[in-house]
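A.B. asks: Pasting run-v7.cif here (mmCIF, C-alpha atoms):
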data_my_file
#
loop_
_atom_site.label_atom_id
_atom_site.label_comp_id
_atom_site.auth_asym_id
_atom_site.auth_seq_id
_atom_site.Cartn_x
_atom_site.Cartn_y
_atom_site.Cartn_z
CA MET T 1 19.96 199.23 109.84
CA HIS T 2 17.91 198.72 112.99
CA ALA T 3 18.55 199.40 116.68
CA LEU T 4 18.21 196.17 118.65
CA GLY T 5 16.12 195.45 121.71
CA THR T 6 18.23 192.99 123.71
CA VAL T 7 17.61 190.38 126.39
CA VAL T 8 19.29 190.27 129.82
CA GLN T 9 19.85 186.87 131.45
CA HIS T 10 19.94 186.98 135.25
CA TYR T 11 22.18 184.05 136.19
CA ASP T 12 23.52 183.87 139.73
CA TRP T 13 27.18 184.41 138.72
CA GLY T 14 26.47 187.79 137.11
CA SER T 15 27.46 191.24 138.33
CA PRO T 16 24.63 193.35 139.77
CA THR T 17 26.21 196.57 138.49
CA VAL T 18 28.35 196.16 135.33
CA LEU T 19 25.61 195.75 132.71
CA PRO T 20 23.20 198.27 134.27
CA THR T 21 26.04 200.81 134.33
CA MET T 22 26.94 200.15 130.69
CA LEU T 23 23.30 200.48 129.66
CA GLY T 24 22.69 203.56 131.80
CA GLU T 25 19.93 201.79 133.70
CA ALA T 26 19.24 201.46 137.42
CA ALA T 27 20.57 198.39 139.19
CA ASP T 28 17.80 196.36 140.80
CA GLY T 29 19.80 194.07 143.08
CA ARG T 30 19.64 191.11 140.72
CA PRO T 31 22.71 189.66 138.99
CA TRP T 32 22.83 190.87 135.36
CA ALA T 33 24.96 188.11 133.84
CA GLU T 34 24.52 188.18 130.06
CA LEU T 35 23.19 190.53 127.40
CA TRP T 36 22.05 188.55 124.32
CA MET T 37 21.99 189.80 120.72
CA GLY T 38 20.71 187.39 118.09
CA THR T 39 17.84 185.14 117.09
CA HIS T 40 18.17 182.25 119.57
CA PRO T 41 14.63 181.40 120.78
CA LEU T 42 15.64 181.49 124.46
CA GLY T 43 16.58 185.17 124.20
CA GLN T 44 15.74 186.64 120.82
CA SER T 45 16.45 190.30 120.09
CA THR T 46 13.71 192.57 118.77
CA VAL T 47 13.46 195.37 116.24
CA GLU T 48 11.12 198.36 116.40
CA LEU T 49 9.56 199.16 113.01
CA GLU T 50 8.71 202.62 111.72
CA GLY T 51 5.06 202.33 112.77
CA GLY T 52 6.07 201.61 116.36
CA SER T 53 5.39 197.86 116.34
CA THR T 54 8.06 195.49 117.65
CA VAL T 55 8.97 192.25 115.88
CA PRO T 56 11.51 189.47 116.51
CA LEU T 57 14.86 189.99 114.83
CA SER T 58 14.41 186.79 112.80
CA GLU T 59 11.50 188.41 110.93
CA VAL T 60 13.72 191.29 109.81
CA ALA T 61 16.74 189.08 109.12
CA GLY T 62 14.60 186.65 107.10
CA HIS T 63 16.08 183.60 108.84
CA PRO T 64 17.84 182.72 112.11
CA LEU T 65 21.37 184.08 112.42
CA PRO T 66 24.14 181.46 112.63
CA TYR T 67 25.80 183.28 115.54
CA LEU T 68 24.82 184.67 118.93
CA LEU T 69 26.57 187.75 120.37
CA LYS T 70 26.70 188.45 124.12
CA ILE T 71 28.25 190.60 126.80
CA LEU T 72 29.19 188.58 129.91
CA ALA T 73 29.64 190.38 133.25
CA ILE T 74 31.20 187.83 135.60
CA ASP T 75 31.06 188.43 139.36
CA LYS T 76 31.55 184.79 140.42
CA PRO T 77 33.12 181.84 138.55
CA LEU T 78 30.96 180.03 136.01
CA SER T 79 30.53 176.27 136.13
CA LEU T 80 33.02 173.89 134.56
CA GLN T 81 31.46 173.00 131.21
CA VAL T 82 31.86 171.65 127.73
CA HIS T 83 29.83 172.15 124.54
CA PRO T 84 28.84 169.24 122.27
CA GLU T 85 29.77 168.75 118.64
CA ALA T 86 26.99 168.83 116.02
CA VAL T 87 26.04 165.14 115.78
CA MET T 88 25.88 164.71 119.55
CA ALA T 89 23.75 167.86 119.86
CA GLU T 90 21.33 166.72 117.16
CA ARG T 91 20.89 163.26 118.66
CA GLY T 92 20.67 164.48 122.24
CA PHE T 93 18.10 167.16 121.38
CA ALA T 94 15.94 164.68 119.46
CA ARG T 95 16.20 162.08 122.24
CA GLU T 96 15.08 164.51 124.96
CA ASN T 97 12.22 165.77 122.77
CA GLU T 98 11.04 162.18 122.27
CA ARG T 99 11.09 161.69 126.03
CA GLY T 100 9.00 164.82 126.52
CA VAL T 101 11.61 166.67 128.59
CA ALA T 102 10.59 170.34 128.76
CA LEU T 103 13.12 172.86 127.41
CA ASP T 104 13.19 174.63 130.77
CA ALA T 105 13.41 171.45 132.87
CA PRO T 106 16.35 171.53 135.35
CA HIS T 107 17.60 168.14 134.10
CA ARG T 108 17.34 169.06 130.41
CA VAL T 109 20.80 168.73 128.79
CA PHE T 110 20.30 169.73 125.12
CA LYS T 111 18.42 173.00 124.54
CA ASP T 112 18.77 172.94 120.72
CA PRO T 113 20.24 170.70 117.97
CA HIS T 114 23.37 172.78 117.38
CA HIS T 115 27.02 172.66 118.30
CA LYS T 116 28.56 175.61 120.13
CA PRO T 117 32.10 176.74 119.39
CA GLU T 118 32.67 180.10 121.06
CA MET T 119 35.12 182.96 121.44
CA VAL T 120 35.61 185.55 124.20
CA TYR T 121 36.94 189.08 123.61
CA ALA T 122 38.07 190.75 126.84
CA LEU T 123 36.71 194.17 127.80
CA THR T 124 38.47 194.13 131.18
CA PRO T 125 41.23 191.86 132.53
CA PHE T 126 39.66 188.44 132.07
CA GLU T 127 40.59 185.03 133.52
CA GLY T 128 39.43 181.54 132.72
CA LEU T 129 40.27 177.86 132.61
CA ILE T 130 40.52 176.36 129.13
CA ALA T 131 41.53 172.80 128.12
CA PHE T 132 43.56 170.13 129.89
CA ARG T 133 47.12 170.75 130.94
CA PRO T 134 49.72 168.34 129.53
CA THR T 135 50.05 165.18 131.60
CA ALA T 136 53.60 166.05 132.71
CA GLU T 137 52.37 169.38 134.08
CA VAL T 138 49.53 167.70 135.98
CA TRP T 139 52.06 165.25 137.47
CA HIS T 140 54.23 168.20 138.54
CA VAL T 141 51.28 169.88 140.24
CA LEU T 142 50.15 166.72 142.04
CA GLU T 143 53.70 165.90 143.14
CA GLY T 144 53.69 169.09 145.17
CA LEU T 145 50.82 167.76 147.33
CA GLU T 146 50.77 165.09 150.02
CA SER T 147 47.03 164.63 150.52
CA PRO T 148 45.77 161.06 149.92
CA LEU T 149 43.55 162.23 147.05
CA ALA T 150 46.45 163.96 145.28
CA ARG T 151 48.70 160.92 145.68
CA ARG T 152 45.99 158.60 144.35
CA LEU T 153 45.32 160.81 141.33
CA HIS T 154 49.07 161.01 140.63
CA ASP T 155 49.36 157.22 140.66
CA GLU T 156 46.24 156.80 138.50
CA LEU T 157 47.62 159.15 135.89
CA ARG T 158 50.98 157.36 135.91
CA ALA T 159 49.15 154.13 135.12
CA ASP T 160 46.80 155.74 132.57
CA PRO T 161 48.55 158.82 131.10
CA GLY T 162 47.72 161.27 128.32
CA PHE T 163 44.46 162.83 127.24
CA PRO T 164 42.38 159.60 127.50
CA GLY T 165 43.62 159.11 131.05
CA LEU T 166 42.68 162.66 132.03
CA VAL T 167 39.19 162.23 130.58
CA ARG T 168 38.67 158.97 132.46
CA MET T 169 39.94 160.65 135.63
CA VAL T 170 37.31 163.40 135.23
CA GLY T 171 34.62 160.74 134.81
CA ARG T 172 35.67 159.09 138.07
CA LEU T 173 35.93 162.39 139.95
CA LEU T 174 32.38 163.35 139.00
CA SER T 175 30.86 159.89 139.52
CA PRO T 176 28.60 159.59 142.58
CA TRP T 177 30.01 156.07 143.08
CA MET T 178 33.73 156.56 142.37
CA GLY T 179 34.22 160.21 143.26
CA PRO T 180 36.20 161.41 146.29
CA THR T 181 34.65 161.53 149.73
CA ALA T 182 33.90 164.82 151.43
CA GLU T 183 36.84 164.25 153.78
CA GLU T 184 39.26 163.55 150.90
CA LEU T 185 38.14 166.73 149.13
CA SER T 186 38.46 168.78 152.29
CA VAL T 187 42.04 167.63 152.94
CA PHE T 188 42.96 168.30 149.28
CA VAL T 189 41.52 171.83 149.37
CA VAL T 190 43.08 172.70 152.73
CA GLU T 191 46.50 171.63 151.47
CA CYS T 192 46.11 173.74 148.31
CA ARG T 193 45.14 176.75 150.43
CA GLU T 194 48.14 176.26 152.72
CA LYS T 195 50.57 175.89 149.79
CA TYR T 196 49.19 178.99 148.11
CA ALA T 197 49.32 181.04 151.31
CA ALA T 198 52.97 179.98 151.80
CA GLY T 199 53.90 181.12 148.27
CA LEU T 200 54.50 177.56 147.04
CA ASP T 201 52.04 177.58 144.14
CA ARG T 202 52.60 175.58 140.96
CA ARG T 203 51.20 176.93 137.68
CA ARG T 204 48.58 178.89 139.67
CA VAL T 205 46.76 175.62 140.42
CA TYR T 206 46.71 176.01 144.20
CA GLU T 207 45.54 179.61 143.76
CA THR T 208 42.73 178.42 141.49
CA VAL T 209 41.55 175.73 143.91
CA SER T 210 41.72 178.20 146.82
CA GLU T 211 39.69 180.84 145.00
CA LEU T 212 37.06 178.44 143.68
CA SER T 213 36.63 176.74 147.08
CA GLU T 214 35.30 180.04 148.44
CA HIS T 215 32.28 179.59 146.15
CA HIS T 216 32.02 175.80 145.77
CA ASP T 217 33.53 174.15 148.83
CA GLY T 218 33.00 170.37 148.77
CA ASP T 219 32.52 170.23 144.98
CA PRO T 220 34.65 167.61 143.12
CA GLY T 221 34.87 170.13 140.29
CA LEU T 222 37.59 171.79 142.38
CA VAL T 223 39.87 168.88 141.53
CA VAL T 224 38.84 168.94 137.86
CA ALA T 225 39.73 172.65 137.76
CA ALA T 226 43.28 171.75 138.84
CA LEU T 227 43.70 169.78 135.60
CA LEU T 228 43.00 172.76 133.31
CA ASN T 229 45.12 175.61 131.88
CA ARG T 230 44.54 178.98 133.51
CA ILE T 231 44.63 181.92 131.08
CA LYS T 232 44.56 185.68 131.51
CA LEU T 233 43.48 188.05 128.74
CA LYS T 234 44.18 191.76 128.59
CA PRO T 235 41.42 194.06 127.26
CA GLY T 236 41.28 193.63 123.49
CA GLU T 237 42.63 190.05 123.52
CA ALA T 238 40.53 187.03 122.54
CA ALA T 239 40.48 183.28 123.16
CA PHE T 240 38.69 180.57 121.18
CA VAL T 241 37.02 177.54 122.78
CA GLU T 242 36.35 174.64 120.44
CA VAL T 243 33.50 172.19 120.94
CA GLY T 244 34.50 169.38 123.27
CA VAL T 245 36.96 171.53 125.25
CA LEU T 246 36.44 171.66 129.01
CA HIS T 247 36.49 175.24 130.34
CA ALA T 248 35.23 177.72 132.93
CA TYR T 249 35.30 181.51 133.00
CA LEU T 250 36.44 182.95 136.33
CA SER T 251 36.29 186.76 136.29
CA GLY T 252 36.01 189.85 134.14
CA THR T 253 33.74 191.37 131.50
CA CYS T 254 33.87 190.19 127.90
CA VAL T 255 32.09 190.02 124.59
CA GLU T 256 31.28 186.44 123.68
CA VAL T 257 30.36 185.26 120.18
CA MET T 258 29.33 181.69 119.40
CA ALA T 259 27.31 179.48 117.16
CA SER T 260 23.65 180.17 117.98
CA SER T 261 23.24 177.52 120.66
CA ASP T 262 22.63 177.21 124.40
CA ASN T 263 23.91 173.64 124.83
CA VAL T 264 26.01 173.22 127.99
CA LEU T 265 27.15 170.02 129.67
CA ARG T 266 28.38 170.86 133.17
CA ALA T 267 31.30 169.24 134.97
CA GLY T 268 31.07 170.78 138.42
CA LEU T 269 31.27 174.07 140.35
CA THR T 270 27.51 174.37 140.04
CA THR T 271 24.26 173.40 141.74
CA LYS T 272 22.77 172.64 138.32
CA HIS T 273 22.32 169.22 136.72
CA ILE T 274 25.46 167.19 135.89
CA GLU T 275 25.62 164.05 133.73
CA PRO T 276 29.19 162.73 134.05
CA GLN T 277 28.99 160.10 131.31
CA ALA T 278 27.45 162.48 128.76
CA LEU T 279 30.15 164.98 129.58
CA VAL T 280 32.95 162.43 129.16
CA ASP T 281 31.43 161.33 125.83
CA CYS T 282 31.43 164.97 124.72
CA VAL T 283 35.04 165.84 125.53
CA ARG T 284 37.02 165.87 122.30
CA MET T 285 39.82 163.34 121.98
CA GLY T 286 43.25 164.89 121.65
CA MET T 287 45.18 167.26 123.92
CA ALA T 288 43.65 170.70 123.39
CA GLU T 289 45.57 173.91 123.94
CA ALA T 290 44.37 177.19 125.38
CA HIS T 291 43.63 179.05 122.16
CA VAL T 292 44.55 182.72 122.49
CA LEU T 293 43.92 184.18 119.04
CA THR T 294 46.15 186.55 117.11
CA PRO T 295 43.99 189.02 115.15
CA LYS T 296 44.58 190.06 111.57
CA GLU T 297 44.92 193.82 111.17
CA GLU T 298 42.85 195.25 108.30
CA ALA T 299 42.88 199.06 107.85
CA GLY T 300 42.51 199.87 111.53
CA VAL T 301 40.27 196.89 112.31
CA ARG T 302 41.31 193.81 114.30
CA VAL T 303 39.70 190.67 112.86
CA PHE T 304 39.45 187.53 115.00
CA ALA T 305 38.59 184.62 112.69
CA PRO T 306 38.73 181.12 114.21
CA GLU T 307 38.25 178.17 111.87
CA VAL T 308 34.47 177.88 112.18
CA ASP T 309 31.64 178.52 109.73
CA GLU T 310 29.34 180.52 112.01
CA PHE T 311 31.17 183.66 113.12
CA VAL T 312 33.97 186.18 112.83
CA LEU T 313 34.46 189.09 115.24
CA ALA T 314 35.89 192.44 114.11
CA ALA T 315 36.90 195.14 116.61
CA ALA T 316 37.65 198.80 115.85
CA THR T 317 38.49 201.88 117.91
CA VAL T 318 37.87 205.37 116.52
CA GLU T 319 38.61 208.86 117.82
CA GLY T 320 38.79 212.41 116.56
CA THR T 321 38.11 212.73 112.85
CA ALA T 322 39.09 209.14 112.05
CA GLU T 323 36.60 206.93 110.23
CA VAL T 324 36.81 203.15 109.98
CA LEU T 325 35.20 200.82 107.45
CA LEU T 326 34.12 197.52 109.01
CA PRO T 327 34.84 194.36 106.98
CA GLY T 328 32.35 191.68 106.05
CA THR T 329 29.02 191.40 104.31
CA GLY T 330 25.78 189.60 105.03
CA PRO T 331 23.66 190.11 108.16
CA ARG T 332 25.77 191.73 110.88
CA ILE T 333 25.37 192.88 114.47
CA VAL T 334 27.40 195.92 115.52
CA LEU T 335 27.84 196.50 119.26
CA CYS T 336 29.34 199.51 121.02
CA VAL T 337 31.49 198.53 124.01
CA ASP T 338 32.99 201.91 124.90
CA GLY T 339 32.39 205.62 124.21
CA SER T 340 29.88 206.95 121.72
CA VAL T 341 30.04 206.11 118.02
CA THR T 342 27.96 206.66 114.92
CA ILE T 343 27.60 203.83 112.44
CA GLU T 344 26.40 204.42 108.89
CA ASP T 345 25.39 202.25 105.94
CA THR T 346 23.44 202.88 102.74
CA SER T 347 20.13 203.11 104.64
CA GLY T 348 21.13 205.72 107.21
CA SER T 349 22.97 206.06 110.51
CA LEU T 350 22.63 205.28 114.22
CA THR T 351 24.48 206.52 117.29
CA LEU T 352 25.46 203.77 119.74
CA THR T 353 26.60 204.00 123.35
CA PRO T 354 27.96 201.14 125.52
CA ALA T 355 25.96 197.88 125.34
CA ARG T 356 23.73 199.30 122.57
CA SER T 357 23.70 197.45 119.28
CA ALA T 358 22.31 197.47 115.75
CA PHE T 359 21.43 194.89 113.12
CA VAL T 360 22.76 195.53 109.62
CA PRO T 361 20.88 193.60 106.86
CA HIS T 362 22.75 191.61 104.22
CA ASP T 363 22.02 194.20 101.48
CA ALA T 364 23.01 197.32 103.47
CA GLY T 365 26.53 197.60 102.14
CA ALA T 366 29.63 198.55 104.08
CA VAL T 367 29.39 199.97 107.61
CA ARG T 368 31.39 203.09 108.49
CA VAL T 369 32.19 204.02 112.09
CA ARG T 370 33.12 207.44 113.46
CA GLY T 371 33.11 209.15 116.83
CA THR T 372 35.12 208.23 119.92
CA GLY T 373 34.85 204.69 121.17
CA THR T 374 35.13 200.99 120.36
CA VAL T 375 32.76 198.72 118.47
CA VAL T 376 32.73 195.01 117.71
CA GLN T 377 30.93 193.45 114.79
CA ALA T 378 29.76 189.84 114.54
CA TYR T 379 29.22 188.32 111.12
CA ALA T 380 29.49 185.01 109.29
CA PRO T 381 32.73 184.39 107.34
#
Give the structure from the file, written as structure tokens.

C.D. replies:
Amino acid sequence: MHALGTVVQHYDWGSPTVLPTMLGEAADGRPWAELWMGTHPLGQSTVELEGGSTVPLSEVAGHPLPYLLKILAIDKPLSLQVHPEAVMAERGFARENERGVALDAPHRVFKDPHHKPEMVYALTPFEGLIAFRPTAEVWHVLEGLESPLARRLHDELRADPGFPGLVRMVGRLLSPWMGPTAEELSVFVVECREKYAAGLDRRRVYETVSELSEHHDGDPGLVVAALLNRIKLKPGEAAFVEVGVLHAYLSGTCVEVMASSDNVLRAGLTTKHIEPQALVDCVRMGMAEAHVLTPKEEAGVRVFAPEVDEFVLAAATVEGTAEVLLPGTGPRIVLCVDGSVTIEDTSGSLTLTPARSAFVPHDAGAVRVRGTGTVVQAYAP
């Protein structure tokens, strides 16, 4: 096995202290948003060889890994976003390459040709918005408001109900030609704030709009956020986000595992590029539910296995003289998220502390964990 050199991504929503503290490094004033572990070209991990040279993880693994493992440290809400399915990603990536759009261009939409299902595993209390609410619930929320924008949206949804109607509503809200005026948005937000302050919230929608408006006042994504389920995870719980499901993460620290992709189509609550029609085309047809996963317990290990080909996440806590055997074979990444643990395979052992990780090759055999702490392991099913 090999200790991994990891990559920090400094996005503006990140915490300036959480990741440096986990890593035992000095904070530098910048937001440390994500710690990447994997072979994605925009943030590939490295391995130090016995002679002291450093090589990309893909050279040791022999091929790119199908998954990407991260720690997210969220200080401010992320943008509303959706991830494309495989065919759309392939076509969009090829189209932008043909047009000569640079990978780091601000208006670039597709960073690679892959889809991106993903799962979050909470390390602290974690909140997010995932998937559309049922139409009846959206009606109930809008009926509690008197602003002209809320009344208009209520009437539009009455005339065009269900999932297709919600998707078309999002397209109109984000359109520069059909979207609400600044005055309409302001009146909508003020009313939500007043209702929330008076204790008259419905399904935490007015709370959500009030909180998000502190960061993105005047953004039509505030209205889109009101259409989505709000979820709260306790530490150790996980939620799965399928491709085509609109979502946003609001607060907390989590482990995130996904197909090895960086494709994001944004729907608001951001200063970054938005393409409303591409986003509407991407949103999966059918009313999605907020997918909180129930793990399978296997000899002291909690296994979170959504129905995807790219990843499974196993979590285990050890203490005292206990020893745990992690499931799975193939190339694996083991990450310590708490305490100090020693992991061992047929090639030797490594001691890991928070935010430190190791790559276990496909032929290394089973991984044993001992010490006092918690690890997660990403691997392909």

A.B. asks: Residues at most 10 Å from Val190 (chain T), counting only C-alpha atoms, excluding those fewer than 4 positions away in the same chain, as a ChimeraX atom specification?

C.D. replies: /T:147,185-186,194-196,206,209-210,213

A.B. asks: Restricting the output to C-alpha atoms, write the selected residues as a PDB file, in the frame of the given file.

C.D. replies:
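And here's part-v9.pdb as it stands now:
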ATOM      1  CA  SER T 147      47.030 164.630 150.520  1.00  0.00           C
ATOM      2  CA  LEU T 185      38.140 166.730 149.130  1.00  0.00           C
ATOM      3  CA  SER T 186      38.460 168.780 152.290  1.00  0.00           C
ATOM      4  CA  GLU T 194      48.140 176.260 152.720  1.00  0.00           C
ATOM      5  CA  LYS T 195      50.570 175.890 149.790  1.00  0.00           C
ATOM      6  CA  TYR T 196      49.190 178.990 148.110  1.00  0.00           C
ATOM      7  CA  TYR T 206      46.710 176.010 144.200  1.00  0.00           C
ATOM      8  CA  VAL T 209      41.550 175.730 143.910  1.00  0.00           C
ATOM      9  CA  SER T 210      41.720 178.200 146.820  1.00  0.00           C
ATOM     10  CA  SER T 213      36.630 176.740 147.080  1.00  0.00           C
TER      11      SER T 213
END

A.B. asks: For Leu149 (chain T), list every protein, DNA or RNA residue within 9 Å, evaluated using all atoms listed in the file, and leave out those in the same chain fewer than 2 positions away; present the list as a list in words.

C.D. replies: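 That gives Glu146, Ser147, Arg151, Arg152, Leu153, His154, Pro180, Glu184, Leu185, Val187 and Phe188 of chain T.
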
A.B. asks: Could you check which of T:Ser357, T:Thr351, T:Thr135, T:Thr321 is closest to Leu335 (chain T), using only C-alpha atoms?

C.D. replies: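 Looking only at the distances to Leu335 (chain T), the closest residue turns out to be T:Ser357.
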
A.B. asks: Under the rule of at most 10 Å, produce a per-residue listing of region 217-300 of chain T near region 84-95 of chain T: chain, number, name, the closest pair of atoms, and the distance in Å, as CSV, using all atoms listed in the file.

C.D. replies:
residue,atom,partner,partner_atom,distance
T:Glu242,CA,T:Glu85,CA,9.0
T:Val243,CA,T:Glu85,CA,5.6
T:Gly244,CA,T:Pro84,CA,5.7
T:Val245,CA,T:Pro84,CA,8.9
T:Ser261,CA,T:Ala89,CA,9.7
T:Asn263,CA,T:Pro84,CA,7.1
T:Val264,CA,T:Pro84,CA,7.5
T:Leu265,CA,T:Pro84,CA,7.6
T:Ala278,CA,T:Pro84,CA,9.5
T:Leu279,CA,T:Pro84,CA,8.6
T:Asp281,CA,T:Met88,CA,9.0
T:Cys282,CA,T:Pro84,CA,5.6
T:Val283,CA,T:Pro84,CA,7.8
T:Arg284,CA,T:Glu85,CA,8.6

A.B. asks: Which residues of region 161-243 of chain T sit at most 7 Å from region 108-121 of chain T, using all atoms listed in the file? Give each one's shortest atom pair and distance in Å (one decimal place), in chain and ascending residue order, as CSV.

C.D. replies:
residue,atom,partner,partner_atom,distance
T:Gly236,CA,T:Tyr121,CA,6.3
T:Glu237,CA,T:Tyr121,CA,5.8
T:Ala238,CA,T:Tyr121,CA,4.3
T:Ala239,CA,T:Val120,CA,5.5
T:Phe240,CA,T:Met119,CA,4.3
T:Val241,CA,T:Glu118,CA,5.3
T:Glu242,CA,T:Pro117,CA,4.9
T:Val243,CA,T:Pro117,CA,5.0

A.B. asks: What does the distance from CA of Val312 (chain T) to CA of Val255 (chain T) come to in Å, to one decimal?

C.D. replies: 12.5 Å

A.B. asks: Just how far from CA of Ala314 (chain T) is CA of Gly328 (chain T), in Å to one decimal?

C.D. replies: 8.8 Å

A.B. asks: For a quick check of understanding, using all atoms listed in the file, which of T:Gln81, T:Thr342, T:Thr353, T:Thr317 has the smallest distance to Val280 (chain T)?

C.D. replies: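 That would be T:Gln81, the residue with the smallest distance to Val280 (chain T).
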
A.B. asks: Identify, on the basis of all atoms listed in the file, every residue whose closest approach to Gly171 (chain T) does not exceed 7 Å; exclude the query and any residue fewer than 4 positions from it along the same chain; express the result as a list in words.

C.D. replies: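 Surrounding residues, per the criterion: Val167, Ser175, Pro276, Gln277 and Val280 of chain T.
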